[in-house]
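Each remark here refers to the structure printed beneath this line.
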Amino acid sequence: MKGFVFHGPGHSSWEDVPDPGLKDPTDAIVRVDTVTICGTDLHILKGDVPEVRPGMVLGHEAVGEIVETGADVRTVRPGDRVLVSCITACGRCSYCRKAMYGQCRGGGGWILGHLIEGTQAEYVRVPYADLSVHALPGTLDAKDAVLLADIFPTAYEVGVLNGQVRPGDTVAVVGAGPIGLAAIATARLFAPERIVVVDLAPARLEAARQLGADAVADAREDPEQLIADLTDGLGADVVIEAVGVPESFEMCTRMVRPGGHVANIGVHGRPATLHLEDLWIKNVTITTGLVDTHSTPTLLRMAAAGRLPTSQLVTHTFPLDLMEEAYDVFGRAADTGALKVVLGGEQHDVVALPAA
C-alpha cells in the first residue's frame, strides 16, 4: 500500500509501505477513505516531536471502513463505516477508567502517527478498536466526520472545558487556525458575552468572524489593549492558546483577568517564560492537556444533527495520492488561505491482508 512517511525534519514522502496486519485480538484493520492533516503533523515535520522516529507513517485522523477485526473486537465488524479517533484507549488502566484516554498507560494514548504507523495511508491498524473507533451515522459526510477525530474534541475539551467557559464570559482565542476556529464554535455553546480572536492572517480573522467571533484583532496591533478596553481593564475570563509558540502563550497570560483561566492547546516545541512574578497574586489557573476524546460521541451526535459548523472549516480537498501537495498547501496557510485540507482515498473492491 501507499503511506505518507516521515524521514526526519524537513523530509517526507508518499511511498510504498508494508500492508498492516492484525497483531492483537483487539485490533481492527481500517481501509482509509478520508484523512486530514493536523497542525501537530507540521510540528512533527519540523522536528518538534522527537518521539516520532524516521520511517513512521504519519496521521492520526481518518474515516474509513472496517475490513478485518481481531477475535476480541465486539462493537464493530467488517463493512462498518467508522471514525478513527486520534486517541487510542485500552479501557482498563487507571487513566482510562477516569475517561482520561489521552494518558492511557495500557498501550494507548496518542500512538497513531506518533509511536505506531498512522492513518495517512491506504490502510491502518487500530489497536483497541472497541474504544478507539466510532461507528458513523449514515447521514454524516466523511469530510465533516473526519474533523471530529481530533480538532473538535481537542478544542472543546482542552480549550473550552478546561478553560471553564461560562455564560457571560469574555473569551479570547489566540490563534485562528483550525483548532482556534473549532474553539470559537464550541465556546459559543456556553453563551459567552463575547469572543475575541487574535491572529496574524486576515483570511483567518475573517473565518473567525464567520464562525461567530464578536471581535478580531491583528496580533501585531496590541490585542492586549483591545481586551482591556472591552473588559474595563480586567482582562478576559478565559484565554485559549491555540498557536504553540512562546510569544502567544506569554500574551495569553497577560490577557487573563484575576481569577481567570488560560487554557493551552498549542503544541510547543520551545520553552516559554512563565512570569510568576506577575501571576502569583492573580489567582490564575493555567491548564495544559492532550485531548482525551471522551466527548467524541456527543460531538458526533451534534454534527449529525447539524449543530457543528464542520464543513465551514474545510477549504481544500485532494485525492489521497496528492498527500505531498496537500501538505504544501496546508503548511503555507498564510499564502494559500488553507484552514483544513481533506484528502479522500480511492475505493478498493479487493483487499489482501497478511494472516494474523
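The way I read the labels, and the way they are meant: chains A, B, ... in the order of the C-alpha cells, residue 1 as the first residue of every chain, and ligand 1 as the first ligand shown, with later ones counted on from there.
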Shell of 6 Å around Val256 in chain A, only C-alpha atoms, local chain residues under 4 positions omitted, as number ranges by chain: A: 235-236, 260
Straight-line distance linking CA of Leu274 in chain A with CA of Asp48 in chain A, stated in Å to one decimal: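 A separation of 20.1 Å between them.
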Have a look at A:Cys96, A:Ala187, A:Val17, A:Val124 and name the one nearest to Thr293 in chain A; count only C-alpha atoms.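 Among A:Cys96, A:Ala187, A:Val17, A:Val124, it is A:Cys96 that comes nearest to Thr293 in chain A.
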Which polymer residues have any atom within 10 Å of an atom of Leu313 in chain A, counting only C-alpha atoms, with same-chain residues fewer than 5 positions away left out, as a VMD selection string? chain A and resid 144 147 177 to 179 181 to 182 207 211 338 to 341
Could the residues in this selection be written to a file with N, CA, C and O atoms, as a PDB file, in the first residue's frame?
ATOM      1  N   ASP A 144     -16.883  15.910   6.869  1.00  0.00           N
ATOM      2  CA  ASP A 144     -17.289  16.526   8.130  1.00  0.00           C
ATOM      3  C   ASP A 144     -16.886  15.648   9.301  1.00  0.00           C
ATOM      4  O   ASP A 144     -16.367  16.128  10.317  1.00  0.00           O
ATOM      5  N   LEU A 147     -13.278  15.687  10.859  1.00  0.00           N
ATOM      6  CA  LEU A 147     -12.894  16.790  11.744  1.00  0.00           C
ATOM      7  C   LEU A 147     -13.208  16.482  13.200  1.00  0.00           C
ATOM      8  O   LEU A 147     -12.749  17.198  14.104  1.00  0.00           O
ATOM      9  N   GLY A 177      -6.272  29.289  13.597  1.00  0.00           N
ATOM     10  CA  GLY A 177      -6.151  28.104  12.759  1.00  0.00           C
ATOM     11  C   GLY A 177      -7.323  27.185  13.025  1.00  0.00           C
ATOM     12  O   GLY A 177      -8.295  27.547  13.710  1.00  0.00           O
ATOM     13  N   PRO A 178      -7.283  25.957  12.508  1.00  0.00           N
ATOM     14  CA  PRO A 178      -8.424  25.056  12.676  1.00  0.00           C
ATOM     15  C   PRO A 178      -8.821  24.821  14.126  1.00  0.00           C
ATOM     16  O   PRO A 178     -10.016  24.823  14.452  1.00  0.00           O
ATOM     17  N   ILE A 179      -7.842  24.625  15.012  1.00  0.00           N
ATOM     18  CA  ILE A 179      -8.171  24.394  16.418  1.00  0.00           C
ATOM     19  C   ILE A 179      -8.811  25.636  17.029  1.00  0.00           C
ATOM     20  O   ILE A 179      -9.813  25.552  17.760  1.00  0.00           O
ATOM     21  N   LEU A 181     -10.471  27.972  15.497  1.00  0.00           N
ATOM     22  CA  LEU A 181     -11.810  28.139  14.942  1.00  0.00           C
ATOM     23  C   LEU A 181     -12.795  27.150  15.572  1.00  0.00           C
ATOM     24  O   LEU A 181     -13.951  27.498  15.858  1.00  0.00           O
ATOM     25  N   ALA A 182     -12.345  25.918  15.791  1.00  0.00           N
ATOM     26  CA  ALA A 182     -13.215  24.955  16.475  1.00  0.00           C
ATOM     27  C   ALA A 182     -13.482  25.378  17.910  1.00  0.00           C
ATOM     28  O   ALA A 182     -14.560  25.113  18.456  1.00  0.00           O
ATOM     29  N   ALA A 207     -12.455  34.262   8.774  1.00  0.00           N
ATOM     30  CA  ALA A 207     -13.090  32.976   9.077  1.00  0.00           C
ATOM     31  C   ALA A 207     -13.593  32.953  10.516  1.00  0.00           C
ATOM     32  O   ALA A 207     -14.671  32.414  10.804  1.00  0.00           O
ATOM     33  N   LEU A 211     -17.485  32.357  11.910  1.00  0.00           N
ATOM     34  CA  LEU A 211     -17.828  31.300  12.860  1.00  0.00           C
ATOM     35  C   LEU A 211     -18.367  31.838  14.178  1.00  0.00           C
ATOM     36  O   LEU A 211     -18.696  31.065  15.069  1.00  0.00           O
ATOM     37  N   ALA A 338      -5.479  28.176   3.494  1.00  0.00           N
ATOM     38  CA  ALA A 338      -5.963  26.869   3.946  1.00  0.00           C
ATOM     39  C   ALA A 338      -6.353  26.898   5.419  1.00  0.00           C
ATOM     40  O   ALA A 338      -5.634  27.442   6.253  1.00  0.00           O
ATOM     41  N   LEU A 339      -7.494  26.294   5.705  1.00  0.00           N
ATOM     42  CA  LEU A 339      -7.888  26.037   7.086  1.00  0.00           C
ATOM     43  C   LEU A 339      -7.715  24.548   7.347  1.00  0.00           C
ATOM     44  O   LEU A 339      -6.767  24.126   7.979  1.00  0.00           O
ATOM     45  N   LYS A 340      -8.636  23.732   6.857  1.00  0.00           N
ATOM     46  CA  LYS A 340      -8.448  22.279   6.906  1.00  0.00           C
ATOM     47  C   LYS A 340      -8.416  21.743   5.483  1.00  0.00           C
ATOM     48  O   LYS A 340      -9.238  22.108   4.647  1.00  0.00           O
ATOM     49  N   VAL A 341      -7.436  20.875   5.236  1.00  0.00           N
ATOM     50  CA  VAL A 341      -7.399  20.156   3.971  1.00  0.00           C
ATOM     51  C   VAL A 341      -7.868  18.734   4.236  1.00  0.00           C
ATOM     52  O   VAL A 341      -7.505  18.127   5.237  1.00  0.00           O
TER      53      VAL A 341
END
I need the alpha helix (DSSP H) residues of range 137-322 of chain A per DSSP on the backbone, written as a ChimeraX atom specification. /A:142-145,151-154,178-187,202-210,223-230,246-255,276-279,296-304
DSSP on the backbone, strand (DSSP E) only: what residues of range 8-229 of chain A does that give? Format it as JSON, numbers by chain. {"A": [12, 13, 14, 15, 16, 28, 29, 30, 31, 32, 33, 34, 35, 36, 56, 57, 62, 63, 64, 65, 66, 67, 68, 69, 81, 82, 83, 84, 123, 124, 125, 126, 133, 134, 135, 170, 171, 172, 173, 174, 194, 195, 196, 197, 198, 199, 215, 216, 217, 218]}
Could you pull the residues within 8 Å of His114 in chain A, counting only C-alpha atoms, minus those fewer than 6 positions along the same chain, as an mmCIF file with C-alpha atoms, in the first residue's frame?
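Printed below is out19.cif as written:
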data_model
loop_
_atom_site.group_PDB
_atom_site.id
_atom_site.type_symbol
_atom_site.label_atom_id
_atom_site.label_comp_id
_atom_site.auth_asym_id
_atom_site.auth_seq_id
_atom_site.Cartn_x
_atom_site.Cartn_y
_atom_site.Cartn_z
ATOM 1 C CA GLU A 51 9.431 10.699 19.774
ATOM 2 C CA VAL A 52 8.396 10.280 16.124
ATOM 3 C CA MET A 56 6.906 6.384 10.577
ATOM 4 C CA LEU A 58 2.085 9.942 9.882
#
Which of A:Gly102, A:Gly64, A:Gly55, A:Gly212 sits closest to Ile116 in chain A [using only C-alpha atoms]: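 Ranked by minimum distance to Ile116 in chain A, first place goes to A:Gly55.
Considering only C-alpha atoms, the residue among A:Gly3, A:Pro78, A:Gly180, A:Pro202 positioned nearest to Gly113 in chain A is A:Gly3.
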Pick from A:Val30, A:Leu308, A:Val35, A:Val133 nearest to Ala183 in chain A, counting only C-alpha atoms: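 Among the listed residues, the smallest separation from Ala183 in chain A belongs to A:Leu308.
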Near Leu22 in chain A, within 12 Å and counting only C-alpha atoms, which residues show up once chain neighbours fewer than 5 positions away are dropped, as a PDB file with all heavy atoms, in the first residue's frame?
ATOM      1  N   ASP A  27      -7.386  -5.645  17.800  1.00  0.00           N
ATOM      2  CA  ASP A  27      -7.105  -4.771  16.661  1.00  0.00           C
ATOM      3  C   ASP A  27      -8.232  -4.794  15.631  1.00  0.00           C
ATOM      4  O   ASP A  27      -8.978  -5.773  15.523  1.00  0.00           O
ATOM      5  CB  ASP A  27      -5.834  -5.211  15.932  1.00  0.00           C
ATOM      6  CG  ASP A  27      -4.556  -4.985  16.717  1.00  0.00           C
ATOM      7  OD1 ASP A  27      -4.612  -4.292  17.741  1.00  0.00           O
ATOM      8  OD2 ASP A  27      -3.511  -5.507  16.270  1.00  0.00           O
ATOM      9  N   ALA A  28      -8.277  -3.727  14.844  1.00  0.00           N
ATOM     10  CA  ALA A  28      -9.080  -3.701  13.617  1.00  0.00           C
ATOM     11  C   ALA A  28      -8.218  -3.125  12.502  1.00  0.00           C
ATOM     12  O   ALA A  28      -7.358  -2.271  12.742  1.00  0.00           O
ATOM     13  CB  ALA A  28     -10.337  -2.868  13.797  1.00  0.00           C
ATOM     14  N   ILE A  29      -8.451  -3.591  11.288  1.00  0.00           N
ATOM     15  CA  ILE A  29      -7.838  -3.002  10.099  1.00  0.00           C
ATOM     16  C   ILE A  29      -8.902  -2.165   9.408  1.00  0.00           C
ATOM     17  O   ILE A  29     -10.016  -2.635   9.153  1.00  0.00           O
ATOM     18  CB  ILE A  29      -7.305  -4.075   9.135  1.00  0.00           C
ATOM     19  CG1 ILE A  29      -6.332  -5.010   9.854  1.00  0.00           C
ATOM     20  CG2 ILE A  29      -6.646  -3.421   7.928  1.00  0.00           C
ATOM     21  CD1 ILE A  29      -5.083  -4.347  10.383  1.00  0.00           C
ATOM     22  N   VAL A  30      -8.550  -0.918   9.136  1.00  0.00           N
ATOM     23  CA  VAL A  30      -9.479   0.021   8.506  1.00  0.00           C
ATOM     24  C   VAL A  30      -8.948   0.408   7.132  1.00  0.00           C
ATOM     25  O   VAL A  30      -7.782   0.799   6.995  1.00  0.00           O
ATOM     26  CB  VAL A  30      -9.664   1.282   9.374  1.00  0.00           C
ATOM     27  CG1 VAL A  30     -10.570   2.294   8.676  1.00  0.00           C
ATOM     28  CG2 VAL A  30     -10.234   0.917  10.740  1.00  0.00           C
ATOM     29  N   VAL A  67     -12.271  -3.572   7.605  1.00  0.00           N
ATOM     30  CA  VAL A  67     -12.128  -4.706   6.685  1.00  0.00           C
ATOM     31  C   VAL A  67     -11.756  -5.997   7.409  1.00  0.00           C
ATOM     32  O   VAL A  67     -11.944  -7.088   6.859  1.00  0.00           O
ATOM     33  CB  VAL A  67     -11.098  -4.411   5.576  1.00  0.00           C
ATOM     34  CG1 VAL A  67     -11.570  -3.280   4.681  1.00  0.00           C
ATOM     35  CG2 VAL A  67      -9.720  -4.096   6.153  1.00  0.00           C
ATOM     36  N   GLU A  68     -11.240  -5.893   8.630  1.00  0.00           N
ATOM     37  CA  GLU A  68     -10.896  -7.089   9.398  1.00  0.00           C
ATOM     38  C   GLU A  68     -10.834  -6.714  10.869  1.00  0.00           C
ATOM     39  O   GLU A  68     -10.419  -5.599  11.217  1.00  0.00           O
ATOM     40  CB  GLU A  68      -9.561  -7.669   8.949  1.00  0.00           C
ATOM     41  CG  GLU A  68      -9.244  -9.029   9.556  1.00  0.00           C
ATOM     42  CD  GLU A  68      -7.960  -9.635   9.022  1.00  0.00           C
ATOM     43  OE1 GLU A  68      -7.229  -8.938   8.286  1.00  0.00           O
ATOM     44  OE2 GLU A  68      -7.687 -10.808   9.349  1.00  0.00           O
ATOM     45  N   THR A  69     -11.235  -7.632  11.735  1.00  0.00           N
ATOM     46  CA  THR A  69     -11.172  -7.401  13.172  1.00  0.00           C
ATOM     47  C   THR A  69     -10.558  -8.610  13.860  1.00  0.00           C
ATOM     48  O   THR A  69     -10.659  -9.739  13.379  1.00  0.00           O
ATOM     49  CB  THR A  69     -12.568  -7.147  13.777  1.00  0.00           C
ATOM     50  OG1 THR A  69     -13.405  -8.270  13.500  1.00  0.00           O
ATOM     51  CG2 THR A  69     -13.191  -5.880  13.220  1.00  0.00           C
ATOM     52  N   GLY A  70      -9.936  -8.340  15.017  1.00  0.00           N
ATOM     53  CA  GLY A  70      -9.432  -9.413  15.848  1.00  0.00           C
ATOM     54  C   GLY A  70     -10.566 -10.131  16.565  1.00  0.00           C
ATOM     55  O   GLY A  70     -11.709  -9.647  16.628  1.00  0.00           O
ATOM     56  N   ALA A  71     -10.220 -11.258  17.151  1.00  0.00           N
ATOM     57  CA  ALA A  71     -11.241 -12.121  17.766  1.00  0.00           C
ATOM     58  C   ALA A  71     -11.941 -11.472  18.943  1.00  0.00           C
ATOM     59  O   ALA A  71     -13.072 -11.846  19.281  1.00  0.00           O
ATOM     60  CB  ALA A  71     -10.593 -13.430  18.200  1.00  0.00           C
ATOM     61  N   ASP A  72     -11.298 -10.498  19.610  1.00  0.00           N
ATOM     62  CA  ASP A  72     -11.893  -9.895  20.804  1.00  0.00           C
ATOM     63  C   ASP A  72     -12.658  -8.604  20.524  1.00  0.00           C
ATOM     64  O   ASP A  72     -13.159  -7.973  21.459  1.00  0.00           O
ATOM     65  CB  ASP A  72     -10.808  -9.620  21.851  1.00  0.00           C
ATOM     66  CG  ASP A  72     -10.247 -10.884  22.464  1.00  0.00           C
ATOM     67  OD1 ASP A  72     -10.851 -11.957  22.263  1.00  0.00           O
ATOM     68  OD2 ASP A  72      -9.194 -10.801  23.140  1.00  0.00           O
ATOM     69  N   VAL A  73     -12.724  -8.175  19.280  1.00  0.00           N
ATOM     70  CA  VAL A  73     -13.452  -6.946  18.946  1.00  0.00           C
ATOM     71  C   VAL A  73     -14.947  -7.244  18.900  1.00  0.00           C
ATOM     72  O   VAL A  73     -15.381  -8.179  18.228  1.00  0.00           O
ATOM     73  CB  VAL A  73     -12.969  -6.366  17.601  1.00  0.00           C
ATOM     74  CG1 VAL A  73     -13.802  -5.144  17.210  1.00  0.00           C
ATOM     75  CG2 VAL A  73     -11.492  -5.994  17.694  1.00  0.00           C
ATOM     76  N   TYR A 123      -4.428   1.916   4.303  1.00  0.00           N
ATOM     77  CA  TYR A 123      -4.978   1.077   5.372  1.00  0.00           C
ATOM     78  C   TYR A 123      -4.251   1.401   6.657  1.00  0.00           C
ATOM     79  O   TYR A 123      -3.102   1.854   6.652  1.00  0.00           O
ATOM     80  CB  TYR A 123      -4.811  -0.422   5.047  1.00  0.00           C
ATOM     81  CG  TYR A 123      -5.535  -0.849   3.810  1.00  0.00           C
ATOM     82  CD1 TYR A 123      -4.898  -0.820   2.572  1.00  0.00           C
ATOM     83  CD2 TYR A 123      -6.871  -1.268   3.861  1.00  0.00           C
ATOM     84  CE1 TYR A 123      -5.560  -1.191   1.414  1.00  0.00           C
ATOM     85  CE2 TYR A 123      -7.536  -1.639   2.711  1.00  0.00           C
ATOM     86  CZ  TYR A 123      -6.887  -1.594   1.494  1.00  0.00           C
ATOM     87  OH  TYR A 123      -7.564  -1.957   0.359  1.00  0.00           O
ATOM     88  N   VAL A 124      -4.923   1.156   7.784  1.00  0.00           N
ATOM     89  CA  VAL A 124      -4.299   1.400   9.084  1.00  0.00           C
ATOM     90  C   VAL A 124      -4.768   0.345  10.077  1.00  0.00           C
ATOM     91  O   VAL A 124      -5.942  -0.069  10.056  1.00  0.00           O
ATOM     92  CB  VAL A 124      -4.630   2.824   9.602  1.00  0.00           C
ATOM     93  CG1 VAL A 124      -6.121   3.028   9.821  1.00  0.00           C
ATOM     94  CG2 VAL A 124      -3.855   3.133  10.880  1.00  0.00           C
ATOM     95  N   ARG A 125      -3.846  -0.085  10.921  1.00  0.00           N
ATOM     96  CA  ARG A 125      -4.204  -0.963  12.046  1.00  0.00           C
ATOM     97  C   ARG A 125      -4.540  -0.086  13.246  1.00  0.00           C
ATOM     98  O   ARG A 125      -3.750   0.772  13.633  1.00  0.00           O
ATOM     99  CB  ARG A 125      -3.032  -1.881  12.417  1.00  0.00           C
ATOM    100  CG  ARG A 125      -3.319  -2.789  13.617  1.00  0.00           C
ATOM    101  CD  ARG A 125      -2.118  -3.663  13.951  1.00  0.00           C
ATOM    102  NE  ARG A 125      -1.024  -2.912  14.535  1.00  0.00           N
ATOM    103  CZ  ARG A 125      -0.847  -2.742  15.856  1.00  0.00           C
ATOM    104  NH1 ARG A 125      -1.699  -3.247  16.728  1.00  0.00           N
ATOM    105  NH2 ARG A 125       0.185  -2.044  16.304  1.00  0.00           N
ATOM    106  N   VAL A 126      -5.711  -0.314  13.831  1.00  0.00           N
ATOM    107  CA  VAL A 126      -6.145   0.452  15.001  1.00  0.00           C
ATOM    108  C   VAL A 126      -6.204  -0.484  16.203  1.00  0.00           C
ATOM    109  O   VAL A 126      -7.053  -1.382  16.256  1.00  0.00           O
ATOM    110  CB  VAL A 126      -7.530   1.090  14.773  1.00  0.00           C
ATOM    111  CG1 VAL A 126      -7.925   1.925  15.991  1.00  0.00           C
ATOM    112  CG2 VAL A 126      -7.527   1.942  13.511  1.00  0.00           C
ATOM    113  N   PRO A 127      -5.321  -0.306  17.175  1.00  0.00           N
ATOM    114  CA  PRO A 127      -5.407  -1.118  18.395  1.00  0.00           C
ATOM    115  C   PRO A 127      -6.641  -0.744  19.221  1.00  0.00           C
ATOM    116  O   PRO A 127      -7.178   0.357  19.109  1.00  0.00           O
ATOM    117  CB  PRO A 127      -4.116  -0.756  19.147  1.00  0.00           C
ATOM    118  CG  PRO A 127      -3.209  -0.147  18.118  1.00  0.00           C
ATOM    119  CD  PRO A 127      -4.131   0.544  17.161  1.00  0.00           C
ATOM    120  N   TYR A 128      -7.060  -1.685  20.076  1.00  0.00           N
ATOM    121  CA  TYR A 128      -8.183  -1.461  20.988  1.00  0.00           C
ATOM    122  C   TYR A 128      -9.373  -0.845  20.252  1.00  0.00           C
ATOM    123  O   TYR A 128      -9.918   0.192  20.620  1.00  0.00           O
ATOM    124  CB  TYR A 128      -7.750  -0.565  22.150  1.00  0.00           C
ATOM    125  CG  TYR A 128      -6.633  -1.131  22.978  1.00  0.00           C
ATOM    126  CD1 TYR A 128      -5.411  -0.474  23.090  1.00  0.00           C
ATOM    127  CD2 TYR A 128      -6.783  -2.346  23.648  1.00  0.00           C
ATOM    128  CE1 TYR A 128      -4.377  -1.008  23.847  1.00  0.00           C
ATOM    129  CE2 TYR A 128      -5.750  -2.886  24.404  1.00  0.00           C
ATOM    130  CZ  TYR A 128      -4.561  -2.211  24.502  1.00  0.00           C
ATOM    131  OH  TYR A 128      -3.539  -2.737  25.246  1.00  0.00           O
ATOM    132  N   ALA A 129      -9.785  -1.517  19.198  1.00  0.00           N
ATOM    133  CA  ALA A 129     -10.790  -0.950  18.293  1.00  0.00           C
ATOM    134  C   ALA A 129     -12.113  -0.652  18.984  1.00  0.00           C
ATOM    135  O   ALA A 129     -12.807   0.304  18.617  1.00  0.00           O
ATOM    136  CB  ALA A 129     -11.018  -1.892  17.117  1.00  0.00           C
ATOM    137  N   LEU A 353      -4.820  -8.890   2.847  1.00  0.00           N
ATOM    138  CA  LEU A 353      -4.179  -8.621   4.135  1.00  0.00           C
ATOM    139  C   LEU A 353      -3.388  -9.841   4.567  1.00  0.00           C
ATOM    140  O   LEU A 353      -3.822 -10.998   4.333  1.00  0.00           O
ATOM    141  CB  LEU A 353      -5.236  -8.297   5.200  1.00  0.00           C
ATOM    142  CG  LEU A 353      -5.992  -6.996   4.973  1.00  0.00           C
ATOM    143  CD1 LEU A 353      -7.180  -6.917   5.920  1.00  0.00           C
ATOM    144  CD2 LEU A 353      -5.090  -5.812   5.202  1.00  0.00           C
ATOM    145  N   PRO A 354      -2.244  -9.636   5.220  1.00  0.00           N
ATOM    146  CA  PRO A 354      -1.486 -10.775   5.710  1.00  0.00           C
ATOM    147  C   PRO A 354      -2.233 -11.499   6.816  1.00  0.00           C
ATOM    148  O   PRO A 354      -3.065 -10.904   7.515  1.00  0.00           O
ATOM    149  CB  PRO A 354      -0.189 -10.143   6.235  1.00  0.00           C
ATOM    150  CG  PRO A 354      -0.554  -8.719   6.525  1.00  0.00           C
ATOM    151  CD  PRO A 354      -1.606  -8.354   5.521  1.00  0.00           C
ATOM    152  N   ALA A 355      -1.964 -12.773   6.980  1.00  0.00           N
ATOM    153  CA  ALA A 355      -2.602 -13.545   8.044  1.00  0.00           C
ATOM    154  C   ALA A 355      -2.203 -12.992   9.396  1.00  0.00           C
ATOM    155  O   ALA A 355      -1.099 -12.500   9.588  1.00  0.00           O
ATOM    156  CB  ALA A 355      -2.195 -15.006   7.924  1.00  0.00           C
ATOM    157  N   ALA A 356      -3.122 -13.096  10.378  1.00  0.00           N
ATOM    158  CA  ALA A 356      -2.831 -12.612  11.723  1.00  0.00           C
ATOM    159  C   ALA A 356      -1.736 -13.457  12.357  1.00  0.00           C
ATOM    160  O   ALA A 356      -1.627 -14.639  12.106  1.00  0.00           O
ATOM    161  CB  ALA A 356      -4.083 -12.688  12.582  1.00  0.00           C
TER     162      ALA A 356
END
Near Gly107 in chain A, counting only C-alpha atoms, which residues have an atom at most 12 Å away, once you skip same-chain residues fewer than 6 positions from it, shown as a ChimeraX atom specification? /A:24,26,87-93,95-96,101,115-116,126-128
Contacts of range 84-174 of chain A with range 190-199 of chain A up to 12 Å, shortest pair per row, only C-alpha atoms, as JSON lines:
{"residue": "A:Tyr156", "atom": "CA", "partner": "A:Phe190", "partner_atom": "CA", "distance": 10.9}
{"residue": "A:Val160", "atom": "CA", "partner": "A:Phe190", "partner_atom": "CA", "distance": 8.9}
{"residue": "A:Leu161", "atom": "CA", "partner": "A:Phe190", "partner_atom": "CA", "distance": 9.9}
{"residue": "A:Gly163", "atom": "CA", "partner": "A:Phe190", "partner_atom": "CA", "distance": 11.7}
{"residue": "A:Gln164", "atom": "CA", "partner": "A:Phe190", "partner_atom": "CA", "distance": 9.6}
{"residue": "A:Val165", "atom": "CA", "partner": "A:Phe190", "partner_atom": "CA", "distance": 6.7}
{"residue": "A:Arg166", "atom": "CA", "partner": "A:Phe190", "partner_atom": "CA", "distance": 5.7}
{"residue": "A:Pro167", "atom": "CA", "partner": "A:Pro192", "partner_atom": "CA", "distance": 4.6}
{"residue": "A:Gly168", "atom": "CA", "partner": "A:Glu193", "partner_atom": "CA", "distance": 4.2}
{"residue": "A:Asp169", "atom": "CA", "partner": "A:Pro192", "partner_atom": "CA", "distance": 4.6}
{"residue": "A:Thr170", "atom": "CA", "partner": "A:Arg194", "partner_atom": "CA", "distance": 5.1}
{"residue": "A:Val171", "atom": "CA", "partner": "A:Ile195", "partner_atom": "CA", "distance": 4.8}
{"residue": "A:Ala172", "atom": "CA", "partner": "A:Val196", "partner_atom": "CA", "distance": 4.7}
{"residue": "A:Val173", "atom": "CA", "partner": "A:Val197", "partner_atom": "CA", "distance": 4.8}
{"residue": "A:Val174", "atom": "CA", "partner": "A:Val198", "partner_atom": "CA", "distance": 4.7}
May I have the selected residues written with C-alpha atoms, as a compact mmCIF listing (two decimals), in the first residue's frame?
# COMPACT_ATOMS: atom_id res chain seq x y z
CA TYR A 156 -13.82 21.52 23.12
CA VAL A 160 -13.44 25.22 26.29
CA LEU A 161 -13.97 22.68 29.07
CA GLY A 163 -10.91 26.83 30.42
CA GLN A 164 -14.31 26.56 32.14
CA VAL A 165 -16.11 28.84 29.71
CA ARG A 166 -19.38 30.02 31.25
CA PRO A 167 -22.35 32.14 30.20
CA GLY A 168 -21.47 35.83 30.12
CA ASP A 169 -17.70 35.30 29.90
CA THR A 170 -15.28 37.21 27.76
CA VAL A 171 -13.30 34.57 25.88
CA ALA A 172 -10.11 35.36 23.98
CA VAL A 173 -8.83 32.83 21.44
CA VAL A 174 -5.23 33.40 20.36
Excluding Asp292 in chain A and any residue of its chain fewer than 2 positions from it, enumerate the residues within 10 Å of it, using only C-alpha atoms, and give them as a PyMOL selection string. chain A and resi 85-89+95-96+99-104+109-110+150+153-154+157-158+289-290+294-296
For range 86-195 of chain A against range 321-328 of chain A, with a cut-off of 10 Å and counting only C-alpha atoms, what is the closest atom pair and its distance in Å to one decimal for every residue that makes the cut, ordered by chain and number, as a tab-separated table?
residue	atom	partner	partner_atom	distance
A:Gln120	CA	A:Met323	CA	8.2
A:Ala121	CA	A:Asp321	CA	9.0
A:Glu122	CA	A:Asp321	CA	9.3
Prev. selection, N, CA and C atoms, output as a CSV table (one decimal), in the first residue's frame:
chain,number,residue,atom,x,y,z
A,120,GLN,N,-2.4,8.2,7.6
A,120,GLN,CA,-2.2,8.8,6.3
A,120,GLN,C,-1.7,7.8,5.3
A,121,ALA,N,-2.5,6.8,5.1
A,121,ALA,CA,-2.1,5.6,4.3
A,121,ALA,C,-3.4,5.0,3.7
A,122,GLU,N,-3.3,4.0,2.9
A,122,GLU,CA,-4.5,3.4,2.3
A,122,GLU,C,-5.2,2.4,3.3
Rank A:Glu117, A:Thr285, A:Ala215, A:Gly244 by their smallest atom-to-atom distance to Leu230 in chain A, using only C-alpha atoms, and report the top residue only.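 When distances to Leu230 in chain A are compared using only C-alpha atoms, the smallest one comes from A:Ala215.
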One decimal, Å: what's the distance from CA of Glu15 in chain A over to CA of His60 in chain A, could you say? 17.8 Å
